[in-house]
$ cat coords_5.txt   # compact mmCIF, C-alpha atoms
# COMPACT_ATOMS: atom_id res chain seq x y z
CA MET V 1 -67.62 97.19 128.80
CA MET V 2 -64.72 95.64 126.94
CA THR V 3 -64.05 91.98 127.59
CA ALA V 4 -60.62 90.56 127.03
CA ASP V 5 -60.19 88.20 124.15
CA ALA V 6 -59.50 84.62 125.06
CA PRO V 7 -55.79 83.75 124.99
CA TRP V 8 -54.44 82.59 121.65
CA SER V 9 -52.19 79.57 121.35
CA PHE V 10 -50.28 77.98 118.51
CA SER V 11 -48.18 74.86 118.22
CA LYS V 12 -46.59 73.44 115.06
CA LYS V 13 -43.65 71.33 113.98
CA ILE V 14 -42.04 72.66 110.85
CA PRO V 15 -39.19 71.53 108.61
CA SER V 16 -35.84 73.33 108.73
CA ASP V 17 -36.85 75.99 106.23
CA THR V 18 -36.42 79.64 107.20
CA SER V 19 -39.14 80.79 104.80
CA ILE V 20 -41.66 78.56 106.53
CA GLY V 21 -40.40 79.50 109.97
CA SER V 22 -40.45 83.22 109.30
CA GLY V 23 -43.95 83.01 107.88
CA LEU V 24 -45.44 81.79 111.16
CA VAL V 25 -44.91 85.06 112.99
CA SER V 26 -47.72 86.76 111.08
CA GLU V 27 -50.26 84.69 113.02
CA LEU V 28 -48.77 85.85 116.30
CA LEU V 29 -48.75 89.47 115.15
CA ASP V 30 -52.41 89.17 114.16
CA ALA V 31 -53.22 87.85 117.63
CA MET V 32 -51.28 90.72 119.23
CA MET V 33 -53.05 93.26 117.05
CA GLU V 34 -56.46 91.85 117.99
CA ARG V 35 -55.49 92.36 121.62
CA GLU V 36 -54.32 95.92 120.99
CA TRP V 37 -50.66 95.38 121.73
CA PRO V 38 -48.56 98.52 121.08
CA PRO V 39 -46.71 98.62 117.75
CA ALA V 40 -43.37 98.87 119.57
CA ASP V 41 -44.00 95.55 121.35
CA MET V 42 -45.04 93.93 118.08
CA PHE V 43 -41.89 95.17 116.39
CA ARG V 44 -39.66 93.75 119.12
CA THR V 45 -41.54 90.46 119.27
CA GLN V 46 -41.29 90.00 115.51
CA LEU V 47 -37.58 90.74 115.55
CA ALA V 48 -36.86 88.36 118.43
CA TYR V 49 -38.92 85.62 116.83
CA GLU V 50 -37.10 86.03 113.53
CA GLU V 51 -33.71 85.81 115.22
CA ALA V 52 -34.70 82.77 117.24
CA ILE V 53 -36.28 80.82 114.38
CA VAL V 54 -33.33 81.45 112.07
CA ASN V 55 -30.92 80.40 114.83
CA ALA V 56 -32.87 77.20 115.43
CA ILE V 57 -32.95 76.28 111.75
CA ARG V 58 -29.49 77.40 110.63
CA HIS V 59 -27.39 76.88 113.73
CA GLY V 60 -29.40 74.37 115.72
CA ASN V 61 -30.53 72.06 112.93
CA LYS V 62 -27.79 73.11 110.47
CA SER V 63 -30.61 73.50 107.93
CA ASP V 64 -30.89 69.72 107.88
CA ALA V 65 -34.07 68.86 106.00
CA ALA V 66 -34.45 65.75 108.15
CA LYS V 67 -34.73 67.82 111.31
CA SER V 68 -37.74 69.72 112.55
CA VAL V 69 -38.35 72.77 114.67
CA HIS V 70 -41.21 72.92 117.16
CA VAL V 71 -42.78 76.38 117.44
CA GLU V 72 -45.14 77.17 120.29
CA MET V 73 -46.66 80.60 120.76
CA HIS V 74 -49.10 82.02 123.26
CA CYS V 75 -50.63 85.48 123.44
CA ASP V 76 -53.03 87.12 125.84
CA ASP V 77 -53.71 90.71 126.76
CA GLU V 78 -50.54 91.16 128.81
CA ARG V 79 -48.04 88.51 127.82
CA VAL V 80 -46.59 86.83 124.76
CA ARG V 81 -44.62 83.63 125.12
CA ILE V 82 -42.67 81.99 122.30
CA ARG V 83 -40.91 78.67 122.66
CA ILE V 84 -38.75 77.30 119.86
CA THR V 85 -37.16 73.87 120.06
CA ASP V 86 -34.74 72.49 117.48
CA GLU V 87 -33.34 68.97 117.12
CA GLY V 88 -29.72 69.96 117.28
CA PRO V 89 -27.16 69.24 119.99
CA GLY V 90 -27.75 72.59 121.68
CA PHE V 91 -25.34 75.36 122.57
CA ASP V 92 -24.17 77.39 125.53
CA PRO V 93 -25.63 80.88 125.17
CA SER V 94 -23.11 82.26 127.64
CA SER V 95 -20.35 81.30 125.20
CA VAL V 96 -21.53 83.80 122.61
CA PRO V 97 -19.25 86.85 122.83
CA ASP V 98 -20.68 90.33 123.21
CA PRO V 99 -20.93 91.61 119.61
CA ARG V 100 -20.64 95.22 120.79
CA GLN V 101 -16.93 94.87 121.43
CA ASP V 102 -14.81 97.06 119.14
CA GLU V 103 -13.04 94.10 117.58
CA LEU V 104 -16.33 92.41 116.70
CA LEU V 105 -18.23 95.43 115.50
CA GLU V 106 -17.47 94.84 111.84
CA VAL V 107 -17.83 91.08 112.04
CA PRO V 108 -21.07 89.86 110.46
CA GLY V 109 -22.92 87.45 112.70
CA GLY V 110 -23.21 86.89 116.43
CA ARG V 111 -25.87 89.48 117.16
CA GLY V 112 -29.05 87.43 117.22
CA VAL V 113 -28.68 86.00 120.72
CA PHE V 114 -27.69 89.39 122.07
CA LEU V 115 -30.64 91.18 120.44
CA ILE V 116 -33.13 88.65 121.77
CA HIS V 117 -31.96 89.34 125.30
CA GLU V 118 -32.08 93.07 124.75
CA ILE V 119 -35.60 93.27 123.37
CA MET V 120 -37.55 90.56 125.18
CA SER V 121 -38.70 90.79 128.79
CA GLU V 122 -37.50 87.30 129.74
CA VAL V 123 -35.36 84.72 127.95
CA HIS V 124 -34.68 81.15 129.09
CA TYR V 125 -32.86 78.21 127.56
CA ASN V 126 -33.25 74.57 128.50
CA ASP V 127 -30.20 72.76 129.89
CA THR V 128 -29.29 71.31 126.49
CA GLY V 129 -29.49 74.67 124.79
CA ASN V 130 -31.74 73.55 121.98
CA GLN V 131 -34.84 75.25 123.29
CA ILE V 132 -35.44 78.94 123.84
CA THR V 133 -38.40 80.45 125.65
CA MET V 134 -38.97 84.18 125.19
CA VAL V 135 -41.53 86.28 127.00
CA LYS V 136 -42.70 89.76 126.11
CA LEU V 137 -44.68 91.71 128.67
CA LYS V 138 -46.94 94.41 127.30
CA GLY V 139 -45.38 97.86 127.39
CA ASP V 140 -42.14 96.59 128.91
CA ASN V 141 -39.75 98.68 126.83
CA PRO V 142 -38.50 102.24 126.55
CA PRO V 143 -40.89 104.80 125.06
CA ASP V 144 -40.63 104.77 121.32
CA ASP V 145 -40.06 108.00 119.41
CA ASP V 146 -41.86 106.68 116.40
CA GLU V 147 -45.55 106.40 117.16
CA GLU V 148 -46.44 105.59 113.58
CA THR V 149 -47.09 102.01 112.61
CA MET I 150 -33.01 83.25 82.63
CA PRO I 151 -31.33 85.73 85.01
CA GLU I 152 -33.25 86.71 88.12
CA PRO I 153 -34.67 90.24 88.16
CA PRO I 154 -32.64 92.69 90.29
CA LEU I 155 -33.73 93.30 93.85
CA LEU I 156 -32.22 96.76 94.06
CA ILE I 157 -34.12 99.84 92.99
CA VAL I 158 -31.57 102.40 91.85
CA HIS I 159 -31.93 106.10 91.28
CA GLN I 160 -29.18 108.52 90.37
CA GLY I 161 -28.57 111.42 92.72
CA GLU I 162 -26.24 114.39 92.77
CA ARG I 163 -23.57 112.77 94.91
CA GLY I 164 -24.04 109.21 93.75
CA PRO I 165 -26.61 106.47 93.46
CA LEU I 166 -29.59 106.09 95.76
CA VAL I 167 -30.75 102.52 96.30
CA SER I 168 -33.67 100.89 98.04
CA PHE I 169 -35.16 97.41 98.36
CA ARG I 170 -38.11 95.58 99.88
CA THR I 171 -38.12 94.87 103.61
CA GLU I 172 -38.77 91.16 103.10
CA ASP I 173 -35.86 90.86 100.66
CA ILE I 174 -33.23 92.42 102.94
CA ASN I 175 -34.38 90.26 105.86
CA ARG I 176 -34.27 86.92 104.04
CA ALA I 177 -30.78 85.37 103.85
CA SER I 178 -30.83 84.37 100.18
CA THR I 179 -32.16 87.67 98.88
CA ALA I 180 -30.18 89.79 101.36
CA ARG I 181 -27.00 88.29 99.95
CA ARG I 182 -28.14 89.11 96.43
CA ILE I 183 -28.89 92.69 97.43
CA ALA I 184 -25.42 93.03 98.92
CA THR I 185 -23.86 91.61 95.75
CA GLU I 186 -25.91 93.97 93.58
CA ILE I 187 -24.72 96.90 95.68
CA GLU I 188 -21.13 95.74 95.34
CA ASP I 189 -21.58 95.51 91.57
CA LEU I 190 -23.05 99.00 91.58
CA LEU I 191 -20.03 100.32 93.48
CA ALA I 192 -17.77 98.87 90.80
CA ASP I 193 -19.88 99.80 87.77
CA ALA I 194 -20.55 103.35 88.90
CA ARG I 195 -16.81 103.81 89.50
CA LEU I 196 -17.56 105.61 92.72
CA GLY I 197 -14.59 107.08 94.46
CA PRO I 198 -13.57 109.23 97.39
CA ASP I 199 -16.01 111.93 98.49
CA GLN I 200 -18.89 110.24 96.75
CA ASN I 201 -21.87 108.72 98.49
CA LEU I 202 -23.82 105.56 98.11
CA GLU I 203 -27.16 106.27 99.73
CA VAL I 204 -29.47 103.53 100.94
CA ASP I 205 -33.05 104.67 101.43
CA LEU I 206 -34.56 102.72 104.32
CA ARG I 207 -37.77 104.71 104.35
CA GLY I 208 -39.88 101.65 103.58
CA THR I 209 -37.91 99.28 105.80
CA THR I 210 -40.05 98.58 108.83
CA TRP I 211 -37.65 96.18 110.54
CA LEU I 212 -34.12 94.86 110.15
CA SER I 213 -32.98 91.47 111.35
CA THR I 214 -29.37 90.56 112.00
CA THR I 215 -29.45 88.88 108.58
CA ALA I 216 -29.97 92.33 107.09
CA LEU I 217 -27.44 93.96 109.41
CA ASN I 218 -24.80 91.41 108.41
CA GLN I 219 -25.20 92.32 104.74
CA LEU I 220 -25.15 96.04 105.47
CA ILE I 221 -21.91 95.56 107.41
CA TRP I 222 -20.47 93.67 104.45
CA VAL I 223 -21.55 96.41 102.04
CA GLN I 224 -20.13 99.08 104.35
CA ARG I 225 -16.77 97.33 104.26
CA LYS I 226 -16.82 97.20 100.47
CA ALA I 227 -17.73 100.87 100.26
CA ARG I 228 -15.06 101.85 102.76
CA ARG I 229 -12.37 100.07 100.71
CA ARG I 230 -13.31 102.35 97.82
CA GLU I 231 -13.41 105.35 100.18
CA VAL I 232 -17.09 105.74 99.35
CA SER I 233 -19.44 106.93 102.09
CA LEU I 234 -22.37 104.62 102.70
CA VAL I 235 -25.27 106.69 104.04
CA LEU I 236 -28.45 105.15 105.44
CA LEU I 237 -31.36 107.49 104.82
CA ASN I 238 -34.75 107.84 106.50
CA VAL I 239 -34.23 105.09 109.05
CA GLN I 240 -37.34 104.63 111.21
CA SER I 241 -36.67 105.20 114.90
CA ARG I 242 -37.39 101.60 115.93
CA VAL I 243 -34.96 100.36 113.31
CA ARG I 244 -32.46 102.99 114.42
CA ASN I 245 -32.77 101.61 117.95
CA VAL I 246 -31.56 98.24 116.67
CA PHE I 247 -28.42 99.94 115.37
CA ALA I 248 -28.02 101.67 118.71
CA MET I 249 -28.51 98.50 120.77
CA THR I 250 -25.86 96.66 118.77
CA ARG I 251 -23.54 99.72 118.69
CA LEU I 252 -23.67 99.55 114.90
CA GLU I 253 -24.68 103.18 114.89
CA ARG I 254 -20.97 103.88 115.11
CA LEU I 255 -20.33 102.10 111.86
CA PHE I 256 -22.78 103.88 109.61
CA SER I 257 -23.71 107.40 108.56
CA PHE I 258 -27.35 108.32 108.84
CA GLY I 259 -29.42 111.02 107.24
CA GLN I 260 -32.84 112.22 106.22
CA SER I 261 -33.44 112.40 102.50
CA ARG I 262 -30.09 113.45 101.13
CA GLU I 263 -29.03 116.26 103.41
CA ASN I 264 -27.29 116.61 106.75
CA ALA I 265 -25.91 113.11 107.08
CA VAL I 266 -24.32 112.43 110.46
CA PRO I 267 -20.98 110.74 109.80
CA ALA I 268 -20.03 107.39 111.30
CA GLU I 269 -18.07 107.62 114.55
CA PHE I 270 -16.28 104.32 114.26
CA ASP I 271 -13.52 103.17 111.99
CA ALA I 272 -12.28 99.70 112.81
CA ALA I 273 -9.02 100.40 111.02
CA GLU I 274 -8.30 103.16 113.48
CA ALA I 275 -9.62 101.33 116.57
$ encode --input "coords_5.txt" --output "structure tokens"
Amino acid sequence: MMTADAPWSFSKKIPSDTSIGSGLVSELLDAMMEREWPPADMFRTQLAYEEAIVNAIRHGNKSDAAKSVHVEMHCDDERVRIRITDEGPGFDPSSVPDPRQDELLEVPGGRGVFLIHEIMSEVHYNDTGNQITMVKLKGDNPPDDDEET
Amino acid sequence: MPEPPLLIVHQGERGPLVSFRTEDINRASTARRIATEIEDLLADARLGPDQNLEVDLRGTTWLSTTALNQLIWVQRKARRREVSLVLLNVQSRVRNVFAMTRLERLFSFGQSRENAVPAEFDAAEA
């Protein structure tokens, strides 16, 4: 009889350095793999995390070395939750235009917020707009053509 | 001492074929360098109309918007020279990212070097 692994949790404050921020996701992916999450879910989670951490560091903290980002991650057999909090003034996510519009298609930038909403099961911001909470539910995405990892 | 190039370049029948590491195209500093190296290649190779610049994404397991931004920039540079930028061997999950963002319309896709599907979208004509 298989017993579920205990939930995995992670919490760390990091400097505004995208290399450091991006490196943290490997621990989450290891936890997901140990709990036999599908590759498609891991792909989407990694992508959403990368977008969110870069947004927090570059746009939230303006890459200010004096500012930190708090990364909290939780993974169990059915649910991944990622919360990223920067020390910036916040933003209004509803003010970000839809990057799929014809006139914005060739404009670099502006797709991270949109992609996060497309690929994660739930997305919430705090009132200030300097904290994002993303949830991925296991198997909650369209069937993937590519079954290879 | 100059930094080593990030692009891996091969010469094909219809133009150069380039590739790069997944981590390099997804990191802002190196993604920018890759884009600049591709732009230099476009100039040095004197590519012109009806020639291709092929980007082999076979080994690219994921693409962030950082990477997409640089590919958009490169596409614009190629288009100005009337060179076709073709993305080869894109994994289906990565292709889905292009589809979600409607960027599929901006690029041509193909497998290896044959049967590229041309881009549907030309901002200049939109």
$ interface_residues --input "coords_5.txt" --of "chain I" --to "chain V" --cutoff "6 Å" --atoms "all atoms listed in the file" --output "PDB file with C-alpha atoms, keeping the file's coordinate frame"
ATOM      1  CA  ASN I 218     -24.800  91.410 108.410  1.00  0.00           C
ATOM      2  CA  SER I 241     -36.670 105.200 114.900  1.00  0.00           C
ATOM      3  CA  THR I 250     -25.860  96.660 118.770  1.00  0.00           C
ATOM      4  CA  ARG I 251     -23.540  99.720 118.690  1.00  0.00           C
TER       5      ARG I 251
END
$ residues_around --input "coords_5.txt" --residues "I:Ala192" --least-positions-apart "6" --cutoff "10 Å" --atoms "only C-alpha atoms" --output "list in words"
Glu186, Lys226, Ala227 and Arg230 of chain I
$ closest_residue --input "coords_5.txt" --among "V:Asn130, V:Lys67, V:Ile82, V:Glu27" --to "V:Asn55" --atoms "all atoms listed in the file"
V:Asn130
$ residues_around --input "coords_5.txt" --residues "V:Thr133" --least-positions-apart "5" --cutoff "8 Å" --atoms "only C-alpha atoms" --output "count of residues only"
7
$ residues_around --input "coords_5.txt" --residues "I:Arg181" --least-positions-apart "6" --cutoff "12 Å" --atoms "only C-alpha atoms" --output "list in words"
Leu155, Leu156, Asp173, Ile174, Asn175, Ile187, Glu188, Thr215, Ala216, Leu217, Asn218, Gln219, Leu220, Ile221, Trp222 and Val223 of chain I
$ residues_around --input "coords_5.txt" --residues "V:His74" --least-positions-apart "2" --cutoff "7 Å" --atoms "only C-alpha atoms" --output "ChimeraX atom specification"
/V:8-10,72,76,80-82
$ atom_distance --input "coords_5.txt" --atom1 "atom CA of I:Asn201" --atom2 "atom CA of I:Leu252"
18.9 Å
$ atom_distance --input "coords_5.txt" --atom1 "atom CA of I:Phe258" --atom2 "atom CA of I:Leu236"
4.8 Å
$ atom_distance --input "coords_5.txt" --atom1 "atom CA of V:Ser63" --atom2 "atom CA of V:Ser16"
5.3 Å
$ closest_residue --input "coords_5.txt" --among "V:Ala52, V:Glu78, V:Asp140, V:Ser94" --to "V:Ile116" --atoms "all atoms listed in the file"
V:Ala52
$ residues_around --input "coords_5.txt" --residues "I:Gln160" --least-positions-apart "5" --cutoff "10 Å" --atoms "only C-alpha atoms" --output "PyMOL selection string"
chain I and resi 165-167+202-203
$ axis_aligned_box --input "coords_5.txt" --around "stretch 209-215 of chain I" --padding-each-side "3 Å" --output "lines of an AutoDock Vina configuration file"
center_x = -34.7
center_y = 94.1
center_z = 108.9
size_x = 16.7
size_y = 16.4
size_z = 12.2
$ closest_residue --input "coords_5.txt" --among "I:Thr185, I:Asn238, I:Ser261, I:Ser178" --to "I:Gly161" --atoms "all atoms listed in the file"
I:Ser261
$ closest_residue --input "coords_5.txt" --among "V:Ser68, V:Ser26, V:Ser11, V:Thr45" --to "I:Ser213" --atoms "only C-alpha atoms"
V:Thr45
$ closest_residue --input "coords_5.txt" --among "I:Val158, I:Leu190, I:Leu234, I:Leu212" --to "I:Arg176" --atoms "only C-alpha atoms"
I:Leu212
$ closest_residue --input "coords_5.txt" --among "I:Ser233, I:Thr179, I:Gln224, I:Ser168" --to "I:Thr209" --atoms "all atoms listed in the file"
I:Ser168
